[in-house]
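Engineer: See structure-v6.pdb below, with PDB, N, CA and C atoms.
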ATOM      1  N   MET I   1     -20.345 118.844  58.214  1.00  0.00           N
ATOM      2  CA  MET I   1     -20.629 117.681  57.416  1.00  0.00           C
ATOM      3  C   MET I   1     -22.123 117.385  57.524  1.00  0.00           C
ATOM      4  N   TYR I   2     -22.634 116.751  56.474  1.00  0.00           N
ATOM      5  CA  TYR I   2     -24.055 116.436  56.426  1.00  0.00           C
ATOM      6  C   TYR I   2     -24.258 115.001  55.947  1.00  0.00           C
ATOM      7  N   VAL I   3     -25.389 114.424  56.331  1.00  0.00           N
ATOM      8  CA  VAL I   3     -25.857 113.166  55.749  1.00  0.00           C
ATOM      9  C   VAL I   3     -27.259 113.432  55.218  1.00  0.00           C
ATOM     10  N   CYS I   4     -27.659 112.623  54.252  1.00  0.00           N
ATOM     11  CA  CYS I   4     -28.980 112.751  53.654  1.00  0.00           C
ATOM     12  C   CYS I   4     -29.901 111.712  54.273  1.00  0.00           C
ATOM     13  N   LYS I   5     -30.954 112.178  54.942  1.00  0.00           N
ATOM     14  CA  LYS I   5     -31.922 111.279  55.572  1.00  0.00           C
ATOM     15  C   LYS I   5     -33.264 111.416  54.857  1.00  0.00           C
ATOM     16  N   PHE I   6     -33.792 110.282  54.424  1.00  0.00           N
ATOM     17  CA  PHE I   6     -35.080 110.257  53.745  1.00  0.00           C
ATOM     18  C   PHE I   6     -36.198 110.092  54.771  1.00  0.00           C
ATOM     19  N   SER I   7     -37.403 110.479  54.396  1.00  0.00           N
ATOM     20  CA  SER I   7     -38.517 110.509  55.344  1.00  0.00           C
ATOM     21  C   SER I   7     -38.908 109.133  55.874  1.00  0.00           C
ATOM     22  N   ASN I   8     -38.464 108.062  55.244  1.00  0.00           N
ATOM     23  CA  ASN I   8     -38.747 106.718  55.757  1.00  0.00           C
ATOM     24  C   ASN I   8     -37.632 106.209  56.679  1.00  0.00           C
ATOM     25  N   GLY I   9     -36.668 107.082  57.014  1.00  0.00           N
ATOM     26  CA  GLY I   9     -35.619 106.725  57.962  1.00  0.00           C
ATOM     27  C   GLY I   9     -34.335 106.191  57.353  1.00  0.00           C
ATOM     28  N   LEU I  10     -34.291 106.047  56.027  1.00  0.00           N
ATOM     29  CA  LEU I  10     -33.074 105.562  55.371  1.00  0.00           C
ATOM     30  C   LEU I  10     -32.127 106.713  55.062  1.00  0.00           C
ATOM     31  N   TYR I  11     -30.842 106.380  54.958  1.00  0.00           N
ATOM     32  CA  TYR I  11     -29.792 107.349  54.636  1.00  0.00           C
ATOM     33  C   TYR I  11     -29.130 106.961  53.312  1.00  0.00           C
ATOM     34  N   SER I  12     -28.589 107.957  52.606  1.00  0.00           N
ATOM     35  CA  SER I  12     -27.724 107.650  51.466  1.00  0.00           C
ATOM     36  C   SER I  12     -26.487 106.969  52.023  1.00  0.00           C
ATOM     37  N   MET I  13     -26.074 105.884  51.372  1.00  0.00           N
ATOM     38  CA  MET I  13     -24.983 105.064  51.908  1.00  0.00           C
ATOM     39  C   MET I  13     -23.636 105.429  51.285  1.00  0.00           C
ATOM     40  N   SER I  14     -22.611 105.396  52.103  1.00  0.00           N
ATOM     41  CA  SER I  14     -21.250 105.598  51.629  1.00  0.00           C
ATOM     42  C   SER I  14     -20.884 104.481  50.656  1.00  0.00           C
ATOM     43  N   PRO I  15     -20.203 104.820  49.560  1.00  0.00           N
ATOM     44  CA  PRO I  15     -19.781 103.793  48.602  1.00  0.00           C
ATOM     45  C   PRO I  15     -18.875 102.722  49.217  1.00  0.00           C
ATOM     46  N   LEU I  16     -18.253 103.014  50.334  1.00  0.00           N
ATOM     47  CA  LEU I  16     -17.386 102.030  50.986  1.00  0.00           C
ATOM     48  C   LEU I  16     -18.155 100.822  51.508  1.00  0.00           C
ATOM     49  N   PHE I  17     -19.459 100.973  51.716  1.00  0.00           N
ATOM     50  CA  PHE I  17     -20.255  99.916  52.332  1.00  0.00           C
ATOM     51  C   PHE I  17     -21.360  99.362  51.440  1.00  0.00           C
ATOM     52  N   THR I  18     -21.349  99.676  50.154  1.00  0.00           N
ATOM     53  CA  THR I  18     -22.488  99.368  49.294  1.00  0.00           C
ATOM     54  C   THR I  18     -22.834  97.896  49.154  1.00  0.00           C
ATOM     55  N   PHE I  19     -21.908  97.007  49.395  1.00  0.00           N
ATOM     56  CA  PHE I  19     -22.228  95.597  49.248  1.00  0.00           C
ATOM     57  C   PHE I  19     -22.238  94.857  50.582  1.00  0.00           C
ATOM     58  N   GLY I  20     -22.284  95.591  51.664  1.00  0.00           N
ATOM     59  CA  GLY I  20     -22.314  94.974  52.987  1.00  0.00           C
ATOM     60  C   GLY I  20     -23.719  94.580  53.399  1.00  0.00           C
ATOM     61  N   LYS I  21     -23.818  94.028  54.590  1.00  0.00           N
ATOM     62  CA  LYS I  21     -25.106  93.523  55.077  1.00  0.00           C
ATOM     63  C   LYS I  21     -26.110  94.635  55.372  1.00  0.00           C
ATOM     64  N   ASP I  22     -25.656  95.861  55.583  1.00  0.00           N
ATOM     65  CA  ASP I  22     -26.558  96.980  55.870  1.00  0.00           C
ATOM     66  C   ASP I  22     -27.043  97.704  54.613  1.00  0.00           C
ATOM     67  N   SER I  23     -26.658  97.220  53.452  1.00  0.00           N
ATOM     68  CA  SER I  23     -26.991  97.869  52.191  1.00  0.00           C
ATOM     69  C   SER I  23     -28.429  97.576  51.774  1.00  0.00           C
ATOM     70  N   ILE I  24     -29.111  98.618  51.363  1.00  0.00           N
ATOM     71  CA  ILE I  24     -30.454  98.496  50.794  1.00  0.00           C
ATOM     72  C   ILE I  24     -30.377  99.064  49.381  1.00  0.00           C
ATOM     73  N   GLU I  25     -30.635  98.233  48.393  1.00  0.00           N
ATOM     74  CA  GLU I  25     -30.556  98.605  46.979  1.00  0.00           C
ATOM     75  C   GLU I  25     -29.168  99.113  46.588  1.00  0.00           C
ATOM     76  N   GLY I  26     -28.171  98.813  47.368  1.00  0.00           N
ATOM     77  CA  GLY I  26     -26.804  99.195  47.042  1.00  0.00           C
ATOM     78  C   GLY I  26     -26.441 100.639  47.312  1.00  0.00           C
ATOM     79  N   ILE I  27     -27.415 101.480  47.670  1.00  0.00           N
ATOM     80  CA  ILE I  27     -27.096 102.897  47.912  1.00  0.00           C
ATOM     81  C   ILE I  27     -27.806 103.501  49.113  1.00  0.00           C
ATOM     82  N   LEU I  28     -28.520 102.689  49.881  1.00  0.00           N
ATOM     83  CA  LEU I  28     -29.237 103.176  51.051  1.00  0.00           C
ATOM     84  C   LEU I  28     -28.889 102.326  52.268  1.00  0.00           C
ATOM     85  N   THR I  29     -29.069 102.892  53.451  1.00  0.00           N
ATOM     86  CA  THR I  29     -28.812 102.159  54.692  1.00  0.00           C
ATOM     87  C   THR I  29     -29.679 102.706  55.821  1.00  0.00           C
ATOM     88  N   LYS I  30     -29.922 101.882  56.830  1.00  0.00           N
ATOM     89  CA  LYS I  30     -30.589 102.327  58.053  1.00  0.00           C
ATOM     90  C   LYS I  30     -29.562 102.794  59.082  1.00  0.00           C
ATOM     91  N   ASN I  31     -28.299 102.466  58.858  1.00  0.00           N
ATOM     92  CA  ASN I  31     -27.220 102.708  59.817  1.00  0.00           C
ATOM     93  C   ASN I  31     -26.537 104.050  59.529  1.00  0.00           C
ATOM     94  N   ILE I  32     -26.733 105.015  60.386  1.00  0.00           N
ATOM     95  CA  ILE I  32     -26.143 106.348  60.169  1.00  0.00           C
ATOM     96  C   ILE I  32     -24.614 106.289  60.132  1.00  0.00           C
ATOM     97  N   ASN I  33     -24.016 105.297  60.789  1.00  0.00           N
ATOM     98  CA  ASN I  33     -22.562 105.164  60.773  1.00  0.00           C
ATOM     99  C   ASN I  33     -22.020 104.764  59.400  1.00  0.00           C
ATOM    100  N   LYS I  34     -22.890 104.310  58.529  1.00  0.00           N
ATOM    101  CA  LYS I  34     -22.478 103.932  57.172  1.00  0.00           C
ATOM    102  C   LYS I  34     -23.030 104.890  56.123  1.00  0.00           C
ATOM    103  N   ALA I  35     -23.535 106.017  56.583  1.00  0.00           N
ATOM    104  CA  ALA I  35     -24.105 107.011  55.682  1.00  0.00           C
ATOM    105  C   ALA I  35     -23.012 107.767  54.929  1.00  0.00           C
ATOM    106  N   LYS I  36     -23.379 108.211  53.751  1.00  0.00           N
ATOM    107  CA  LYS I  36     -22.475 109.009  52.916  1.00  0.00           C
ATOM    108  C   LYS I  36     -22.379 110.414  53.509  1.00  0.00           C
ATOM    109  N   LEU I  37     -21.163 110.917  53.636  1.00  0.00           N
ATOM    110  CA  LEU I  37     -20.933 112.262  54.176  1.00  0.00           C
ATOM    111  C   LEU I  37     -20.831 113.281  53.046  1.00  0.00           C
ATOM    112  N   PHE I  38     -21.437 114.414  53.249  1.00  0.00           N
ATOM    113  CA  PHE I  38     -21.398 115.509  52.279  1.00  0.00           C
ATOM    114  C   PHE I  38     -20.846 116.752  52.958  1.00  0.00           C
ATOM    115  N   THR I  39     -20.028 117.497  52.232  1.00  0.00           N
ATOM    116  CA  THR I  39     -19.532 118.767  52.759  1.00  0.00           C
ATOM    117  C   THR I  39     -20.323 119.947  52.197  1.00  0.00           C
ATOM    118  N   GLU I  40     -21.001 119.719  51.088  1.00  0.00           N
ATOM    119  CA  GLU I  40     -21.757 120.785  50.423  1.00  0.00           C
ATOM    120  C   GLU I  40     -23.226 120.396  50.306  1.00  0.00           C
ATOM    121  N   LEU I  41     -24.124 121.320  50.627  1.00  0.00           N
ATOM    122  CA  LEU I  41     -25.560 121.036  50.529  1.00  0.00           C
ATOM    123  C   LEU I  41     -26.012 120.859  49.082  1.00  0.00           C
ATOM    124  N   ASP I  42     -25.391 121.567  48.151  1.00  0.00           N
ATOM    125  CA  ASP I  42     -25.750 121.411  46.733  1.00  0.00           C
ATOM    126  C   ASP I  42     -25.481 119.992  46.254  1.00  0.00           C
ATOM    127  N   THR I  43     -24.364 119.443  46.666  1.00  0.00           N
ATOM    128  CA  THR I  43     -24.015 118.076  46.287  1.00  0.00           C
ATOM    129  C   THR I  43     -24.995 117.093  46.909  1.00  0.00           C
ATOM    130  N   LEU I  44     -25.367 117.302  48.153  1.00  0.00           N
ATOM    131  CA  LEU I  44     -26.347 116.451  48.813  1.00  0.00           C
ATOM    132  C   LEU I  44     -27.677 116.497  48.059  1.00  0.00           C
ATOM    133  N   ASP I  45     -28.123 117.671  47.664  1.00  0.00           N
ATOM    134  CA  ASP I  45     -29.382 117.810  46.926  1.00  0.00           C
ATOM    135  C   ASP I  45     -29.341 117.051  45.594  1.00  0.00           C
ATOM    136  N   ARG I  46     -28.254 117.178  44.865  1.00  0.00           N
ATOM    137  CA  ARG I  46     -28.133 116.461  43.580  1.00  0.00           C
ATOM    138  C   ARG I  46     -28.145 114.956  43.799  1.00  0.00           C
ATOM    139  N   SER I  47     -27.406 114.493  44.779  1.00  0.00           N
ATOM    140  CA  SER I  47     -27.334 113.070  45.069  1.00  0.00           C
ATOM    141  C   SER I  47     -28.700 112.523  45.503  1.00  0.00           C
ATOM    142  N   ALA I  48     -29.397 113.241  46.353  1.00  0.00           N
ATOM    143  CA  ALA I  48     -30.714 112.806  46.830  1.00  0.00           C
ATOM    144  C   ALA I  48     -31.714 112.727  45.683  1.00  0.00           C
ATOM    145  N   SER I  49     -31.665 113.685  44.776  1.00  0.00           N
ATOM    146  CA  SER I  49     -32.567 113.668  43.617  1.00  0.00           C
ATOM    147  C   SER I  49     -32.334 112.434  42.750  1.00  0.00           C
ATOM    148  N   ILE I  50     -31.083 112.092  42.545  1.00  0.00           N
ATOM    149  CA  ILE I  50     -30.743 110.894  41.765  1.00  0.00           C
ATOM    150  C   ILE I  50     -31.230 109.648  42.494  1.00  0.00           C
ATOM    151  N   ASP I  51     -30.981 109.571  43.790  1.00  0.00           N
ATOM    152  CA  ASP I  51     -31.416 108.414  44.581  1.00  0.00           C
ATOM    153  C   ASP I  51     -32.932 108.258  44.527  1.00  0.00           C
ATOM    154  N   LEU I  52     -33.662 109.352  44.637  1.00  0.00           N
ATOM    155  CA  LEU I  52     -35.125 109.288  44.599  1.00  0.00           C
ATOM    156  C   LEU I  52     -35.636 108.741  43.274  1.00  0.00           C
ATOM    157  N   ASP I  53     -34.952 109.041  42.195  1.00  0.00           N
ATOM    158  CA  ASP I  53     -35.343 108.535  40.876  1.00  0.00           C
ATOM    159  C   ASP I  53     -34.999 107.064  40.696  1.00  0.00           C
ATOM    160  N   ARG I  54     -33.958 106.587  41.343  1.00  0.00           N
ATOM    161  CA  ARG I  54     -33.440 105.230  41.129  1.00  0.00           C
ATOM    162  C   ARG I  54     -33.978 104.177  42.074  1.00  0.00           C
ATOM    163  N   CYS I  55     -34.368 104.533  43.266  1.00  0.00           N
ATOM    164  CA  CYS I  55     -34.626 103.539  44.311  1.00  0.00           C
ATOM    165  C   CYS I  55     -36.109 103.370  44.625  1.00  0.00           C
ATOM    166  N   LYS I  56     -36.540 102.132  44.604  1.00  0.00           N
ATOM    167  CA  LYS I  56     -37.923 101.814  44.963  1.00  0.00           C
ATOM    168  C   LYS I  56     -38.180 102.041  46.443  1.00  0.00           C
ATOM    169  N   SER I  57     -37.168 101.827  47.273  1.00  0.00           N
ATOM    170  CA  SER I  57     -37.330 101.926  48.730  1.00  0.00           C
ATOM    171  C   SER I  57     -37.653 103.335  49.204  1.00  0.00           C
ATOM    172  N   ILE I  58     -37.373 104.342  48.395  1.00  0.00           N
ATOM    173  CA  ILE I  58     -37.618 105.722  48.819  1.00  0.00           C
ATOM    174  C   ILE I  58     -38.539 106.482  47.854  1.00  0.00           C
ATOM    175  N   LYS I  59     -39.199 105.768  46.945  1.00  0.00           N
ATOM    176  CA  LYS I  59     -40.144 106.416  46.037  1.00  0.00           C
ATOM    177  C   LYS I  59     -41.195 107.158  46.848  1.00  0.00           C
ATOM    178  N   GLY I  60     -41.443 108.399  46.493  1.00  0.00           N
ATOM    179  CA  GLY I  60     -42.443 109.202  47.179  1.00  0.00           C
ATOM    180  C   GLY I  60     -41.970 109.822  48.482  1.00  0.00           C
ATOM    181  N   CYS I  61     -40.743 109.555  48.875  1.00  0.00           N
ATOM    182  CA  CYS I  61     -40.202 110.129  50.110  1.00  0.00           C
ATOM    183  C   CYS I  61     -39.697 111.545  49.882  1.00  0.00           C
ATOM    184  N   THR I  62     -39.515 112.241  50.956  1.00  0.00           N
ATOM    185  CA  THR I  62     -38.799 113.509  50.947  1.00  0.00           C
ATOM    186  C   THR I  62     -37.471 113.262  51.651  1.00  0.00           C
ATOM    187  N   TYR I  63     -36.618 114.261  51.669  1.00  0.00           N
ATOM    188  CA  TYR I  63     -35.329 114.111  52.343  1.00  0.00           C
ATOM    189  C   TYR I  63     -34.959 115.403  53.035  1.00  0.00           C
ATOM    190  N   LYS I  64     -34.022 115.275  53.957  1.00  0.00           N
ATOM    191  CA  LYS I  64     -33.489 116.468  54.611  1.00  0.00           C
ATOM    192  C   LYS I  64     -32.003 116.255  54.865  1.00  0.00           C
ATOM    193  N   ALA I  65     -31.293 117.351  54.928  1.00  0.00           N
ATOM    194  CA  ALA I  65     -29.872 117.321  55.276  1.00  0.00           C
ATOM    195  C   ALA I  65     -29.776 117.345  56.796  1.00  0.00           C
ATOM    196  N   VAL I  66     -29.041 116.400  57.340  1.00  0.00           N
ATOM    197  CA  VAL I  66     -28.836 116.336  58.783  1.00  0.00           C
ATOM    198  C   VAL I  66     -27.371 116.657  59.046  1.00  0.00           C
ATOM    199  N   GLU I  67     -27.133 117.682  59.834  1.00  0.00           N
ATOM    200  CA  GLU I  67     -25.757 118.050  60.155  1.00  0.00           C
ATOM    201  C   GLU I  67     -25.191 117.078  61.176  1.00  0.00           C
ATOM    202  N   VAL I  68     -23.997 116.574  60.898  1.00  0.00           N
ATOM    203  CA  VAL I  68     -23.341 115.638  61.802  1.00  0.00           C
ATOM    204  C   VAL I  68     -21.972 116.178  62.171  1.00  0.00           C
ATOM    205  N   GLU I  69     -21.499 115.752  63.310  1.00  0.00           N
ATOM    206  CA  GLU I  69     -20.178 116.134  63.785  1.00  0.00           C
ATOM    207  C   GLU I  69     -19.342 114.874  63.913  1.00  0.00           C
ATOM    208  N   ILE I  70     -18.154 114.914  63.397  1.00  0.00           N
ATOM    209  CA  ILE I  70     -17.259 113.765  63.475  1.00  0.00           C
ATOM    210  C   ILE I  70     -16.321 113.982  64.648  1.00  0.00           C
ATOM    211  N   ILE I  71     -16.265 112.982  65.493  1.00  0.00           N
ATOM    212  CA  ILE I  71     -15.417 113.063  66.682  1.00  0.00           C
ATOM    213  C   ILE I  71     -14.408 111.922  66.621  1.00  0.00           C
ATOM    214  N   GLU I  72     -13.153 112.271  66.708  1.00  0.00           N
ATOM    215  CA  GLU I  72     -12.110 111.246  66.719  1.00  0.00           C
ATOM    216  C   GLU I  72     -11.910 110.798  68.154  1.00  0.00           C
ATOM    217  N   LYS I  73     -11.986 109.509  68.352  1.00  0.00           N
ATOM    218  CA  LYS I  73     -11.843 108.958  69.693  1.00  0.00           C
ATOM    219  C   LYS I  73     -10.620 108.049  69.724  1.00  0.00           C
ATOM    220  N   GLU I  74      -9.724 108.348  70.611  1.00  0.00           N
ATOM    221  CA  GLU I  74      -8.531 107.512  70.757  1.00  0.00           C
ATOM    222  C   GLU I  74      -8.818 106.442  71.793  1.00  0.00           C
ATOM    223  N   GLU I  75      -8.460 105.224  71.446  1.00  0.00           N
ATOM    224  CA  GLU I  75      -8.622 104.133  72.392  1.00  0.00           C
ATOM    225  C   GLU I  75      -7.249 103.710  72.883  1.00  0.00           C
ATOM    226  N   PHE I  76      -7.155 103.480  74.156  1.00  0.00           N
ATOM    227  CA  PHE I  76      -5.886 103.109  74.758  1.00  0.00           C
ATOM    228  C   PHE I  76      -5.902 101.668  75.159  1.00  0.00           C
TER     229      PHE I  76
END
Go ahead and express the file in the form of structure tokens.
Structural biologist:
Amino acid sequence: MYVCKFSNGLYSMSPLFTFGKDSIEGILTKNINKAKLFTELDTLDRSASIDLDRCKSIKGCTYKAVEVEIIEKEEF
């Protein structure tokens, strides 16, 4: 799995959290736990290109795919 991280430290945000307190412009976040997950790098590239065109907060930024691992933790 991957998340998209922009050079200013923001991440593409999961649609589940777009109107929460961590939302920036409705599609970005500083919180990696609320970042949008991608399974394909091509999809991440397309999404990042769209975000770069739409968002003032990341104008002029670059981005990179950051590989993440999801760990299920059981609480007792």
Engineer: When you draw a straight line from atom N of Tyr11 (chain I) to CA of Lys73 (chain I), how long is it in Å?
Structural biologist: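 Atom-to-atom, atom N of Tyr11 (chain I) and CA of Lys73 (chain I) are spaced 24.2 Å apart.
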Engineer: Run DSSP on the backbone and grab whatever in region 7-70 of chain I lands in helix (DSSP H, G or I); send it over as a PyMOL selection string.
Structural biologist: chain I and resi 15-17+32-34+41-54+56-58
Engineer: Please report the interatomic distance between CA of Pro15 (chain I) and CA of Glu75 (chain I) in Å with one decimal.
Structural biologist: 26.3 Å
Engineer: Have a look at I:Leu52, I:Leu41, I:Arg46, I:Thr18 and name the one nearest to Val66 (chain I); count only C-alpha atoms.
Structural biologist: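 Smallest separation from Val66 (chain I) among the options: I:Leu41.
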Engineer: On this file, the PyMOL selection byres ((chain I and resi 23-28) around 7) gives some set of residues; write that set as a compact mmCIF listing (two decimals) with N, CA and C atoms, in the coordinates of the input.
Structural biologist:
# COMPACT_ATOMS: atom_id res chain seq x y z
N LEU I 10 -34.29 106.05 56.03
CA LEU I 10 -33.07 105.56 55.37
C LEU I 10 -32.13 106.71 55.06
N TYR I 11 -30.84 106.38 54.96
CA TYR I 11 -29.79 107.35 54.64
C TYR I 11 -29.13 106.96 53.31
N SER I 12 -28.59 107.96 52.61
CA SER I 12 -27.72 107.65 51.47
C SER I 12 -26.49 106.97 52.02
N MET I 13 -26.07 105.88 51.37
CA MET I 13 -24.98 105.06 51.91
C MET I 13 -23.64 105.43 51.28
N SER I 14 -22.61 105.40 52.10
CA SER I 14 -21.25 105.60 51.63
C SER I 14 -20.88 104.48 50.66
N PHE I 17 -19.46 100.97 51.72
CA PHE I 17 -20.26 99.92 52.33
C PHE I 17 -21.36 99.36 51.44
N THR I 18 -21.35 99.68 50.15
CA THR I 18 -22.49 99.37 49.29
C THR I 18 -22.83 97.90 49.15
N PHE I 19 -21.91 97.01 49.40
CA PHE I 19 -22.23 95.60 49.25
C PHE I 19 -22.24 94.86 50.58
N GLY I 20 -22.28 95.59 51.66
CA GLY I 20 -22.31 94.97 52.99
C GLY I 20 -23.72 94.58 53.40
N LYS I 21 -23.82 94.03 54.59
CA LYS I 21 -25.11 93.52 55.08
C LYS I 21 -26.11 94.64 55.37
N ASP I 22 -25.66 95.86 55.58
CA ASP I 22 -26.56 96.98 55.87
C ASP I 22 -27.04 97.70 54.61
N THR I 29 -29.07 102.89 53.45
CA THR I 29 -28.81 102.16 54.69
C THR I 29 -29.68 102.71 55.82
N LYS I 30 -29.92 101.88 56.83
CA LYS I 30 -30.59 102.33 58.05
C LYS I 30 -29.56 102.79 59.08
N ASN I 31 -28.30 102.47 58.86
CA ASN I 31 -27.22 102.71 59.82
C ASN I 31 -26.54 104.05 59.53
N CYS I 55 -34.37 104.53 43.27
CA CYS I 55 -34.63 103.54 44.31
C CYS I 55 -36.11 103.37 44.62
Engineer: Mind pulling up the distance from CA of Glu72 (chain I) to CA of Ser47 (chain I)?
Structural biologist: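 Computing it gives 26.5 Å between the two atoms.
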Engineer: Return the padded bounding box of region 16-21 of chain I as lines of an AutoDock Vina configuration file: axis-aligned, built from all atoms listed in the file, 4 Å added on each side, with centre and edge lengths in Å to one decimal.
Structural biologist:
center_x = -21.7
center_y = 98.3
center_z = 52.3
size_x = 16.7
size_y = 17.5
size_z = 14.2
Engineer: Chain I: which residues are strand (DSSP E) by DSSP, as number ranges by chain?
Structural biologist: I: 2-6, 11-12, 28-29, 63-67
Engineer: Create the file for the chosen residues now, containing N, CA and C atoms and written as a tab-separated table (two decimals), in the coordinates of the input.
Structural biologist:
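Output saved as out.tsv:
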chain	number	residue	atom	x	y	z
I	2	TYR	N	-22.63	116.75	56.47
I	2	TYR	CA	-24.06	116.44	56.43
I	2	TYR	C	-24.26	115.00	55.95
I	3	VAL	N	-25.39	114.42	56.33
I	3	VAL	CA	-25.86	113.17	55.75
I	3	VAL	C	-27.26	113.43	55.22
I	4	CYS	N	-27.66	112.62	54.25
I	4	CYS	CA	-28.98	112.75	53.65
I	4	CYS	C	-29.90	111.71	54.27
I	5	LYS	N	-30.95	112.18	54.94
I	5	LYS	CA	-31.92	111.28	55.57
I	5	LYS	C	-33.26	111.42	54.86
I	6	PHE	N	-33.79	110.28	54.42
I	6	PHE	CA	-35.08	110.26	53.74
I	6	PHE	C	-36.20	110.09	54.77
I	11	TYR	N	-30.84	106.38	54.96
I	11	TYR	CA	-29.79	107.35	54.64
I	11	TYR	C	-29.13	106.96	53.31
I	12	SER	N	-28.59	107.96	52.61
I	12	SER	CA	-27.72	107.65	51.47
I	12	SER	C	-26.49	106.97	52.02
I	28	LEU	N	-28.52	102.69	49.88
I	28	LEU	CA	-29.24	103.18	51.05
I	28	LEU	C	-28.89	102.33	52.27
I	29	THR	N	-29.07	102.89	53.45
I	29	THR	CA	-28.81	102.16	54.69
I	29	THR	C	-29.68	102.71	55.82
I	63	TYR	N	-36.62	114.26	51.67
I	63	TYR	CA	-35.33	114.11	52.34
I	63	TYR	C	-34.96	115.40	53.04
I	64	LYS	N	-34.02	115.28	53.96
I	64	LYS	CA	-33.49	116.47	54.61
I	64	LYS	C	-32.00	116.26	54.86
I	65	ALA	N	-31.29	117.35	54.93
I	65	ALA	CA	-29.87	117.32	55.28
I	65	ALA	C	-29.78	117.34	56.80
I	66	VAL	N	-29.04	116.40	57.34
I	66	VAL	CA	-28.84	116.34	58.78
I	66	VAL	C	-27.37	116.66	59.05
I	67	GLU	N	-27.13	117.68	59.83
I	67	GLU	CA	-25.76	118.05	60.16
I	67	GLU	C	-25.19	117.08	61.18
Engineer: Looking at all atoms listed in the file, which of I:Leu37, I:Asp42, I:Ile50, I:Lys59 is the one that sits closest to Cys4 (chain I)?
Structural biologist: I:Leu37
Engineer: Generate a file for region 46-59 of chain I, containing N, CA, C and O atoms, as a PDB file, in the first residue's frame.
Structural biologist:
ATOM      1  N   ARG I  46      -1.879   9.600 -10.965  1.00  0.00           N
ATOM      2  CA  ARG I  46      -3.019  10.341 -11.541  1.00  0.00           C
ATOM      3  C   ARG I  46      -3.682  11.216 -10.488  1.00  0.00           C
ATOM      4  O   ARG I  46      -3.995  12.381 -10.740  1.00  0.00           O
ATOM      5  N   SER I  47      -3.893  10.673  -9.312  1.00  0.00           N
ATOM      6  CA  SER I  47      -4.530  11.414  -8.237  1.00  0.00           C
ATOM      7  C   SER I  47      -3.677  12.616  -7.810  1.00  0.00           C
ATOM      8  O   SER I  47      -4.193  13.721  -7.605  1.00  0.00           O
ATOM      9  N   ALA I  48      -2.385  12.423  -7.679  1.00  0.00           N
ATOM     10  CA  ALA I  48      -1.482  13.506  -7.275  1.00  0.00           C
ATOM     11  C   ALA I  48      -1.470  14.624  -8.310  1.00  0.00           C
ATOM     12  O   ALA I  48      -1.480  15.806  -7.958  1.00  0.00           O
ATOM     13  N   SER I  49      -1.484  14.266  -9.581  1.00  0.00           N
ATOM     14  CA  SER I  49      -1.511  15.279 -10.645  1.00  0.00           C
ATOM     15  C   SER I  49      -2.773  16.133 -10.568  1.00  0.00           C
ATOM     16  O   SER I  49      -2.717  17.352 -10.715  1.00  0.00           O
ATOM     17  N   ILE I  50      -3.893  15.497 -10.313  1.00  0.00           N
ATOM     18  CA  ILE I  50      -5.162  16.225 -10.170  1.00  0.00           C
ATOM     19  C   ILE I  50      -5.101  17.132  -8.947  1.00  0.00           C
ATOM     20  O   ILE I  50      -5.493  18.308  -9.009  1.00  0.00           O
ATOM     21  N   ASP I  51      -4.617  16.611  -7.833  1.00  0.00           N
ATOM     22  CA  ASP I  51      -4.511  17.407  -6.605  1.00  0.00           C
ATOM     23  C   ASP I  51      -3.613  18.621  -6.819  1.00  0.00           C
ATOM     24  O   ASP I  51      -3.929  19.718  -6.357  1.00  0.00           O
ATOM     25  N   LEU I  52      -2.496  18.441  -7.499  1.00  0.00           N
ATOM     26  CA  LEU I  52      -1.577  19.555  -7.745  1.00  0.00           C
ATOM     27  C   LEU I  52      -2.229  20.660  -8.563  1.00  0.00           C
ATOM     28  O   LEU I  52      -1.946  21.835  -8.360  1.00  0.00           O
ATOM     29  N   ASP I  53      -3.103  20.300  -9.474  1.00  0.00           N
ATOM     30  CA  ASP I  53      -3.809  21.292 -10.290  1.00  0.00           C
ATOM     31  C   ASP I  53      -4.904  22.006  -9.511  1.00  0.00           C
ATOM     32  O   ASP I  53      -5.210  23.161  -9.794  1.00  0.00           O
ATOM     33  N   ARG I  54      -5.501  21.352  -8.539  1.00  0.00           N
ATOM     34  CA  ARG I  54      -6.669  21.880  -7.823  1.00  0.00           C
ATOM     35  C   ARG I  54      -6.359  22.640  -6.552  1.00  0.00           C
ATOM     36  O   ARG I  54      -7.140  23.492  -6.142  1.00  0.00           O
ATOM     37  N   CYS I  55      -5.278  22.347  -5.884  1.00  0.00           N
ATOM     38  CA  CYS I  55      -5.070  22.837  -4.519  1.00  0.00           C
ATOM     39  C   CYS I  55      -4.004  23.925  -4.429  1.00  0.00           C
ATOM     40  O   CYS I  55      -2.874  23.729  -4.855  1.00  0.00           O
ATOM     41  N   LYS I  56      -4.376  25.011  -3.795  1.00  0.00           N
ATOM     42  CA  LYS I  56      -3.431  26.105  -3.565  1.00  0.00           C
ATOM     43  C   LYS I  56      -2.353  25.708  -2.570  1.00  0.00           C
ATOM     44  O   LYS I  56      -1.214  26.163  -2.659  1.00  0.00           O
ATOM     45  N   SER I  57      -2.696  24.858  -1.613  1.00  0.00           N
ATOM     46  CA  SER I  57      -1.760  24.479  -0.545  1.00  0.00           C
ATOM     47  C   SER I  57      -0.555  23.699  -1.051  1.00  0.00           C
ATOM     48  O   SER I  57       0.456  23.622  -0.353  1.00  0.00           O
ATOM     49  N   ILE I  58      -0.646  23.114  -2.233  1.00  0.00           N
ATOM     50  CA  ILE I  58       0.464  22.311  -2.748  1.00  0.00           C
ATOM     51  C   ILE I  58       0.961  22.798  -4.117  1.00  0.00           C
ATOM     52  O   ILE I  58       1.728  22.106  -4.773  1.00  0.00           O
ATOM     53  N   LYS I  59       0.541  23.991  -4.532  1.00  0.00           N
ATOM     54  CA  LYS I  59       1.025  24.548  -5.795  1.00  0.00           C
ATOM     55  C   LYS I  59       2.545  24.609  -5.770  1.00  0.00           C
ATOM     56  O   LYS I  59       3.151  25.064  -4.803  1.00  0.00           O
TER      57      LYS I  59
END
